[in-house]
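Here's my_file15.cif, which has mmCIF, C-alpha atoms:
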```cif
data_input
loop_
_atom_site.label_atom_id
_atom_site.label_comp_id
_atom_site.auth_asym_id
_atom_site.auth_seq_id
_atom_site.Cartn_x
_atom_site.Cartn_y
_atom_site.Cartn_z
CA MET S 1 32.11 -8.81 9.22
CA SER S 2 30.42 -9.14 12.62
CA LEU S 3 28.01 -6.65 14.12
CA PHE S 4 26.93 -6.47 17.75
CA VAL S 5 23.69 -4.70 18.63
CA ILE S 6 23.27 -4.22 22.36
CA GLY S 7 20.04 -2.81 23.71
CA SER S 8 16.40 -3.03 24.61
CA SER S 9 13.53 -5.34 23.74
CA ASN S 10 9.92 -4.35 24.32
CA THR S 11 6.44 -5.54 23.61
CA ASP S 12 4.58 -2.63 22.00
CA ILE S 13 0.89 -2.22 22.78
CA VAL S 14 -0.24 0.01 19.91
CA ILE S 15 -3.52 1.93 19.58
CA TYR S 16 -4.38 3.68 16.31
CA LEU S 17 -6.47 6.84 16.75
CA SER S 18 -7.72 9.74 14.63
CA ARG S 19 -5.38 11.99 16.60
CA ILE S 20 -3.16 11.97 19.69
CA PRO S 21 -5.30 12.85 22.75
CA LYS S 22 -4.61 15.93 24.85
CA ILE S 23 -3.77 15.66 28.55
CA GLY S 24 -6.84 14.45 30.42
CA GLU S 25 -8.72 13.57 27.23
CA THR S 26 -10.09 10.16 26.29
CA ILE S 27 -10.54 9.22 22.63
CA ILE S 28 -12.53 6.17 21.58
CA GLY S 29 -11.82 4.47 18.28
CA GLY S 30 -9.20 2.84 16.15
CA ASP S 31 -7.58 -0.57 16.12
CA SER S 32 -5.05 -2.03 18.52
CA GLN S 33 -2.14 -4.39 18.03
CA ILE S 34 0.55 -6.08 20.10
CA ILE S 35 3.82 -5.77 18.17
CA TYR S 36 7.44 -6.60 19.00
CA GLY S 37 9.58 -3.51 19.49
CA GLY S 38 12.26 -1.84 21.60
CA LYS S 39 14.95 0.27 19.99
CA GLY S 40 17.65 -2.37 20.34
CA ALA S 41 15.49 -5.16 18.95
CA ASN S 42 14.18 -2.99 16.11
CA GLN S 43 17.71 -2.10 15.05
CA ALA S 44 18.96 -5.67 15.34
CA VAL S 45 16.09 -7.07 13.28
CA ALA S 46 16.54 -4.32 10.67
CA SER S 47 20.24 -5.19 10.35
CA HIS S 48 19.34 -8.88 10.09
CA PHE S 49 16.74 -8.23 7.38
CA ALA S 50 19.35 -6.20 5.50
CA GLY S 51 21.69 -9.19 5.56
CA ALA S 52 24.09 -8.46 8.42
CA ASP S 53 25.71 -11.07 10.65
CA VAL S 54 24.05 -9.75 13.82
CA LYS S 55 24.70 -10.75 17.40
CA PHE S 56 21.97 -9.15 19.52
CA ILE S 57 22.46 -8.86 23.27
CA THR S 58 19.31 -7.99 25.19
CA GLN S 59 17.56 -8.94 28.43
CA LEU S 60 14.02 -10.21 28.91
CA GLY S 61 11.93 -10.45 32.06
CA ASN S 62 10.05 -13.17 33.89
CA ASP S 63 6.63 -13.05 32.21
CA THR S 64 4.67 -14.13 29.16
CA PHE S 65 5.95 -11.11 27.22
CA GLY S 66 9.52 -12.30 27.78
CA GLU S 67 8.71 -15.85 26.73
CA SER S 68 6.99 -14.61 23.60
CA LEU S 69 9.95 -12.37 22.70
CA LYS S 70 12.36 -15.26 23.26
CA ASN S 71 10.41 -17.37 20.77
CA HIS S 72 10.26 -14.47 18.34
CA PHE S 73 14.03 -13.95 18.42
CA ASN S 74 14.53 -17.66 17.87
CA GLU S 75 12.31 -17.50 14.79
CA VAL S 76 14.20 -14.45 13.50
CA GLY S 77 17.43 -16.41 13.83
CA PHE S 78 19.22 -14.70 16.71
CA GLU S 79 21.51 -16.90 18.82
CA GLN S 80 19.83 -17.65 22.15
CA LYS S 81 23.05 -17.39 24.16
CA TYR S 82 22.91 -13.60 23.79
CA ILE S 83 19.28 -13.37 25.00
CA LEU S 84 19.62 -12.80 28.75
CA HIS S 85 16.92 -13.09 31.42
CA ASP S 86 16.16 -11.26 34.67
CA LYS S 87 13.91 -13.52 36.72
CA THR S 88 13.15 -10.77 39.24
CA THR S 89 11.33 -8.25 37.02
CA HIS S 90 8.95 -7.89 34.10
CA SER S 91 9.90 -7.47 30.45
CA GLY S 92 9.94 -4.06 28.79
CA ILE S 93 6.57 -2.71 27.64
CA ALA S 94 5.75 0.31 25.47
CA GLN S 95 2.37 1.96 25.04
CA ILE S 96 2.21 3.65 21.63
CA LEU S 97 -0.52 5.94 20.29
CA VAL S 98 -0.53 6.53 16.53
CA SER S 99 -2.61 9.18 14.73
CA ASP S 100 -4.12 9.03 11.25
CA LYS S 101 -1.28 11.34 10.14
CA GLY S 102 1.34 8.81 11.23
CA GLU S 103 2.39 10.82 14.29
CA ASN S 104 3.05 8.93 17.49
CA CYS S 105 3.64 9.31 21.21
CA ILE S 106 5.25 6.59 23.28
CA ALA S 107 5.48 5.70 26.98
CA VAL S 108 7.90 2.96 28.05
CA ALA S 109 8.13 0.81 31.20
CA PRO S 110 11.71 -0.52 30.83
CA GLY S 111 11.49 -3.53 33.14
CA SER S 112 14.34 -5.95 32.42
CA ASN S 113 15.96 -3.47 30.03
CA GLY S 114 16.68 -1.32 33.05
CA THR S 115 18.66 -4.06 34.79
CA LEU S 116 20.98 -4.88 31.88
CA THR S 117 24.21 -3.93 33.65
CA PHE S 118 27.69 -3.99 32.15
CA ASP S 119 28.61 -6.90 34.45
CA LYS S 120 26.12 -9.07 32.55
CA LEU S 121 28.01 -8.33 29.33
CA ILE S 122 31.38 -9.53 30.67
CA PRO S 123 30.97 -13.09 29.26
CA PHE S 124 30.73 -11.58 25.76
CA LEU S 125 33.53 -9.00 25.91
CA ASN S 126 36.05 -11.22 24.10
CA GLU S 127 33.63 -11.44 21.17
CA ILE S 128 32.69 -7.75 21.27
CA GLU S 129 36.39 -6.89 21.13
CA LYS S 130 36.61 -8.62 17.74
CA ALA S 131 33.49 -7.00 16.27
CA SER S 132 33.58 -4.78 13.20
CA LEU S 133 30.98 -2.46 14.74
CA VAL S 134 28.91 -2.11 17.91
CA LEU S 135 25.52 -0.36 17.76
CA ILE S 136 23.91 0.95 20.95
CA GLN S 137 20.93 3.09 21.98
CA PHE S 138 19.79 4.60 25.28
CA GLU S 139 17.00 2.30 26.50
CA ILE S 140 19.36 0.43 28.82
CA PRO S 141 21.10 1.90 31.92
CA PHE S 142 23.33 4.89 31.21
CA GLU S 143 26.10 3.33 33.29
CA THR S 144 26.09 0.38 30.88
CA ILE S 145 26.27 2.77 27.92
CA VAL S 146 29.26 4.59 29.40
CA SER S 147 31.10 1.34 30.11
CA LEU S 148 30.42 0.04 26.58
CA ILE S 149 31.74 3.23 24.98
CA ASP S 150 34.83 3.13 27.21
CA PHE S 151 35.43 -0.53 26.38
CA CYS S 152 35.05 -0.08 22.62
CA PHE S 153 37.32 2.95 22.64
CA GLU S 154 39.99 1.09 24.62
CA LYS S 155 39.82 -1.92 22.28
CA LYS S 156 39.63 0.25 19.12
CA VAL S 157 36.22 -1.10 18.15
CA LYS S 158 34.05 1.28 16.12
CA ILE S 159 30.90 2.23 18.00
CA LEU S 160 27.73 3.66 16.45
CA VAL S 161 25.66 5.53 19.01
CA ASN S 162 21.99 6.31 18.44
CA PRO S 163 21.43 8.73 21.37
CA ALA S 164 17.74 7.96 21.84
CA PRO S 165 15.84 8.60 23.98
CA ALA S 166 17.59 11.96 24.35
CA GLN S 167 20.42 11.96 26.88
CA ASN S 168 23.20 14.43 27.55
CA LEU S 169 26.74 13.13 27.05
CA PRO S 170 29.89 14.60 28.62
CA LYS S 171 32.72 15.71 26.34
CA LYS S 172 35.04 12.99 27.67
CA LEU S 173 32.56 10.42 26.34
CA LEU S 174 31.86 12.15 23.01
CA LYS S 175 35.52 12.00 22.04
CA LYS S 176 35.35 8.19 22.26
CA ILE S 177 32.43 7.85 19.80
CA TRP S 178 33.12 6.93 16.18
CA MET S 179 29.67 7.81 14.81
CA ILE S 180 26.55 9.35 16.36
CA THR S 181 23.06 9.65 14.84
CA PRO S 182 20.93 12.19 16.75
CA ASN S 183 17.64 13.63 15.57
CA GLU S 184 17.02 17.36 15.97
CA THR S 185 15.76 17.10 19.56
CA GLU S 186 18.67 14.92 20.64
CA LEU S 187 21.14 17.18 18.86
CA GLU S 188 19.85 20.20 20.78
CA LEU S 189 20.35 18.42 24.09
CA LEU S 190 23.85 17.25 23.15
CA THR S 191 25.09 20.64 21.99
CA LYS S 192 22.80 23.20 23.71
CA ILE S 193 22.35 24.76 20.25
CA ARG S 194 18.76 25.46 19.24
CA ILE S 195 17.92 23.67 15.98
CA THR S 196 15.62 25.80 13.82
CA ASP S 197 16.83 25.07 10.29
CA GLU S 198 19.46 23.27 8.23
CA GLU S 199 22.13 25.84 9.04
CA SER S 200 21.73 25.46 12.81
CA ALA S 201 21.66 21.65 12.49
CA LEU S 202 24.91 21.76 10.53
CA LYS S 203 26.47 24.06 13.13
CA ALA S 204 25.45 21.72 15.96
CA ALA S 205 26.75 18.65 14.12
CA LYS S 206 30.11 20.35 13.62
CA ASN S 207 30.08 21.16 17.33
CA LEU S 208 29.96 17.43 18.09
CA LEU S 209 32.90 16.84 15.75
CA ASN S 210 34.82 19.56 17.56
CA GLN S 211 34.24 17.58 20.75
CA GLY S 212 35.82 14.46 19.25
CA VAL S 213 33.12 12.54 17.37
CA ASP S 214 34.37 11.27 13.98
CA HIS S 215 31.03 11.23 12.12
CA CYS S 216 27.64 12.75 12.86
CA ILE S 217 24.46 11.99 10.91
CA VAL S 218 21.58 14.26 11.92
CA THR S 219 18.29 12.55 11.06
CA LEU S 220 15.56 14.97 10.04
CA GLY S 221 12.55 12.68 9.66
CA ASP S 222 10.80 13.10 6.31
CA LYS S 223 13.26 15.88 5.46
CA GLY S 224 16.18 13.43 5.21
CA SER S 225 19.50 13.93 7.01
CA ILE S 226 22.80 15.77 7.22
CA TRP S 227 26.07 13.82 7.36
CA VAL S 228 29.12 15.63 8.69
CA SER S 229 32.70 14.38 8.96
CA SER S 230 35.98 16.22 9.49
CA SER S 231 36.48 16.79 5.75
CA GLU S 232 32.98 17.00 4.26
CA ALA S 233 29.28 17.52 4.85
CA TYR S 234 26.31 16.40 2.77
CA ARG S 235 22.57 16.93 2.81
CA PHE S 236 20.28 14.02 1.86
CA GLU S 237 16.68 14.56 0.76
CA VAL S 238 14.19 11.68 0.67
CA PRO S 239 11.14 11.22 -1.56
CA LYS S 240 7.67 11.96 -0.22
CA VAL S 241 5.48 8.96 0.62
CA ASN S 242 2.08 8.37 2.18
CA SER S 243 3.03 8.05 5.85
CA LYS S 244 0.92 5.76 8.04
CA ASP S 245 3.13 5.25 11.11
CA SER S 246 6.57 6.66 11.88
CA THR S 247 7.21 4.24 14.77
CA ALA S 248 10.71 2.69 14.53
CA ALA S 249 11.71 4.62 11.37
CA GLY S 250 14.80 5.94 13.13
CA ASP S 251 15.66 2.46 14.40
CA ILE S 252 15.36 1.02 10.91
CA PHE S 253 17.62 3.76 9.58
CA ASN S 254 20.26 2.89 12.19
CA GLY S 255 19.92 -0.86 11.68
CA TYR S 256 20.41 -0.58 7.94
CA LEU S 257 23.23 1.91 8.49
CA ALA S 258 25.06 -0.58 10.74
CA TYR S 259 24.62 -3.29 8.10
CA SER S 260 25.91 -0.97 5.36
CA ILE S 261 29.00 0.00 7.33
CA THR S 262 29.93 -3.59 8.15
CA SER S 263 29.36 -4.50 4.49
CA GLY S 264 31.94 -1.94 3.39
CA LEU S 265 29.59 0.41 1.54
CA SER S 266 30.70 4.02 1.07
CA PHE S 267 29.01 6.44 3.45
CA ASP S 268 26.86 8.03 0.75
CA LYS S 269 25.55 4.65 -0.42
CA ALA S 270 25.07 3.52 3.19
CA ILE S 271 23.00 6.59 4.04
CA LYS S 272 20.88 6.30 0.90
CA LEU S 273 20.15 2.63 1.60
CA SER S 274 19.24 3.45 5.20
CA HIS S 275 16.94 6.27 4.13
CA ALA S 276 15.21 4.00 1.63
CA ALA S 277 14.53 1.41 4.35
CA ALA S 278 13.24 4.03 6.80
CA THR S 279 11.07 5.67 4.15
CA ILE S 280 9.44 2.36 3.25
CA SER S 281 8.80 1.67 6.95
CA VAL S 282 6.61 4.75 7.51
CA THR S 283 4.17 3.44 4.88
CA LYS S 284 3.50 0.41 7.12
CA LYS S 285 2.12 0.10 10.64
CA GLY S 286 4.07 -1.02 13.69
CA ALA S 287 7.69 -1.35 14.73
CA GLN S 288 9.24 -4.62 13.55
CA THR S 289 6.21 -5.28 11.36
CA SER S 290 7.27 -2.29 9.25
CA ILE S 291 10.90 -3.36 8.66
CA PRO S 292 11.50 -4.03 4.94
CA LYS S 293 13.73 -6.77 3.57
CA ILE S 294 16.81 -5.78 1.55
CA LYS S 295 15.22 -6.80 -1.79
CA GLU S 296 12.37 -4.33 -1.27
CA VAL S 297 14.80 -1.57 -0.28
CA LYS S 298 16.97 -2.04 -3.36
CA GLN S 299 13.87 -1.97 -5.58
CA PHE S 300 12.78 1.28 -3.90
CA LEU S 301 16.15 2.85 -4.73
CA LYS S 302 15.73 1.87 -8.36
CA GLU S 303 12.38 3.64 -8.51
CA HIS S 304 13.04 6.68 -6.28
CA GLU S 305 15.87 9.19 -6.03
CA ILE S 306 17.49 10.20 -2.76
CA ILE S 307 19.20 13.50 -3.49
CA GLN S 308 22.69 14.14 -2.11
CA GLN S 309 24.15 17.65 -2.08
CA SER S 310 27.33 19.03 -0.56
CA THR S 311 26.81 21.63 2.17
CA VAL S 312 30.49 22.63 2.50
#
```

Rewrite the structure of this file - the entire thing - as structure tokens.
Amino acid sequence: MSLFVIGSSNTDIVIYLSRIPKIGETIIGGDSQIIYGGKGANQAVASHFAGADVKFITQLGNDTFGESLKNHFNEVGFEQKYILHDKTTHSGIAQILVSDKGENCIAVAPGSNGTLTFDKLIPFLNEIEKASLVLIQFEIPFETIVSLIDFCFEKKVKILVNPAPAQNLPKKLLKKIWMITPNETELELLTKIRITDEESALKAAKNLLNQGVDHCIVTLGDKGSIWVSSSEAYRFEVPKVNSKDSTAAGDIFNGYLAYSITSGLSFDKAIKLSHAAATISVTKKGAQTSIPKIKEVKQFLKEHEIIQQSTV
């Protein structure tokens, strides 16, 4: 079953420090790396590593970063016809600072991601219409996001929306979304409900369902997640691991989730598999360098328990 991932590609310039600096402060130390990233690319590669038939639509710029990403995607195995180019701007770049505790802060210059308009997707709409699932994030223009959601709703294509970075969505758009995967910060913005504990997160998730969303999975970092549908709600708890870098953990969760859905797994098994992949990723450094292969994820699930409990 086919999966389309439509979104951003970045080159991540990563610096590892003892701690995240304060405003106006300079910290010397740590290693640096240049790593392939971008929420769209991270999710597409995660789905691919899981075993999905992924078609990844993204747009690169006119620079060495874009050329390097193009070669990288070719090595991964993505079809080049979906890798678009904007010859008038630079490729997306992200500056990431990572602390010894695995915390991170990220600044992004979107470049060619910011010029990926819906018009550029028109040549692929006949294929998207036949997809089993479309996965999107918010590192491309919001107008493109709105048009994609409208198109998928009109054509009855399931759309999985990872609303990151945080962006408010009008009710008329929410009712067209099949599944949404906000973290606590994004959930607060979407619902205007302050998230302070599991109870408030559950209340906010149900608020999204009341506005028309079919499924909401609230990701809670190392605390797991809450999955809410019209008939049931479950809390998932993940095992504790030695976290080195949380960069892209949410993307890996969404990429594996998209794979699981298109593979026909039940929601509980899909969420557990996705949590296993994300949990493994925080024990490794980098974005795409931390994405585990499906064999490693399945072995993790054999050795660790992800607890599922009903919250209804």

| said: Translate the PyMOL selection byres ((chain S and resi 120-135) around 7) into a concrete residue list for this structure, as a PyMOL selection string. | reply: chain S and resi 1-6+116-119+136+155+157-161+262

Could you list, as a PDB file with C-alpha atoms, in the frame of the given file, every residue within 9 Å of His275 (chain S), counting only C-alpha atoms and ignoring same-chain residues fewer than 2 positions away?
```
ATOM      1  CA  GLY S 224      16.180  13.430   5.210  1.00  0.00           C
ATOM      2  CA  SER S 225      19.500  13.930   7.010  1.00  0.00           C
ATOM      3  CA  PHE S 236      20.280  14.020   1.860  1.00  0.00           C
ATOM      4  CA  GLU S 237      16.680  14.560   0.760  1.00  0.00           C
ATOM      5  CA  VAL S 238      14.190  11.680   0.670  1.00  0.00           C
ATOM      6  CA  ILE S 252      15.360   1.020  10.910  1.00  0.00           C
ATOM      7  CA  PHE S 253      17.620   3.760   9.580  1.00  0.00           C
ATOM      8  CA  TYR S 256      20.410  -0.580   7.940  1.00  0.00           C
ATOM      9  CA  LEU S 257      23.230   1.910   8.490  1.00  0.00           C
ATOM     10  CA  ALA S 270      25.070   3.520   3.190  1.00  0.00           C
ATOM     11  CA  ILE S 271      23.000   6.590   4.040  1.00  0.00           C
ATOM     12  CA  LYS S 272      20.880   6.300   0.900  1.00  0.00           C
ATOM     13  CA  LEU S 273      20.150   2.630   1.600  1.00  0.00           C
ATOM     14  CA  ALA S 277      14.530   1.410   4.350  1.00  0.00           C
ATOM     15  CA  ALA S 278      13.240   4.030   6.800  1.00  0.00           C
ATOM     16  CA  THR S 279      11.070   5.670   4.150  1.00  0.00           C
ATOM     17  CA  ILE S 280       9.440   2.360   3.250  1.00  0.00           C
ATOM     18  CA  ILE S 306      17.490  10.200  -2.760  1.00  0.00           C
TER      19      ILE S 306
END
```

| query | If you measure from CA of Val14 (chain S) to CA of Ile34 (chain S), what distance in Å do you get, rounded to one decimal? | reply |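 It comes out at 6.1 Å.
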
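Interatomic distance, CA of Tyr36 (chain S) against CA of Ser243 (chain S): 20.2 Å.
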
| query | With all atoms listed in the file as the basis for distance, which of S:Asn242, S:Ser229, S:Thr181, S:Asn10 is at the shortest distance from Ile217 (chain S)? | reply | S:Thr181

| query | By how many Å are CA of Tyr234 (chain S) and CA of Lys206 (chain S) apart? | reply | 12.2 Å

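Within 7 Å of region 83-85 of chain S, once all atoms listed in the file are used and residues closer than 4 positions along the same chain are dropped, the contacting residues are Ile57, Thr58, Gln59, Leu60 and Gly61 of chain S.
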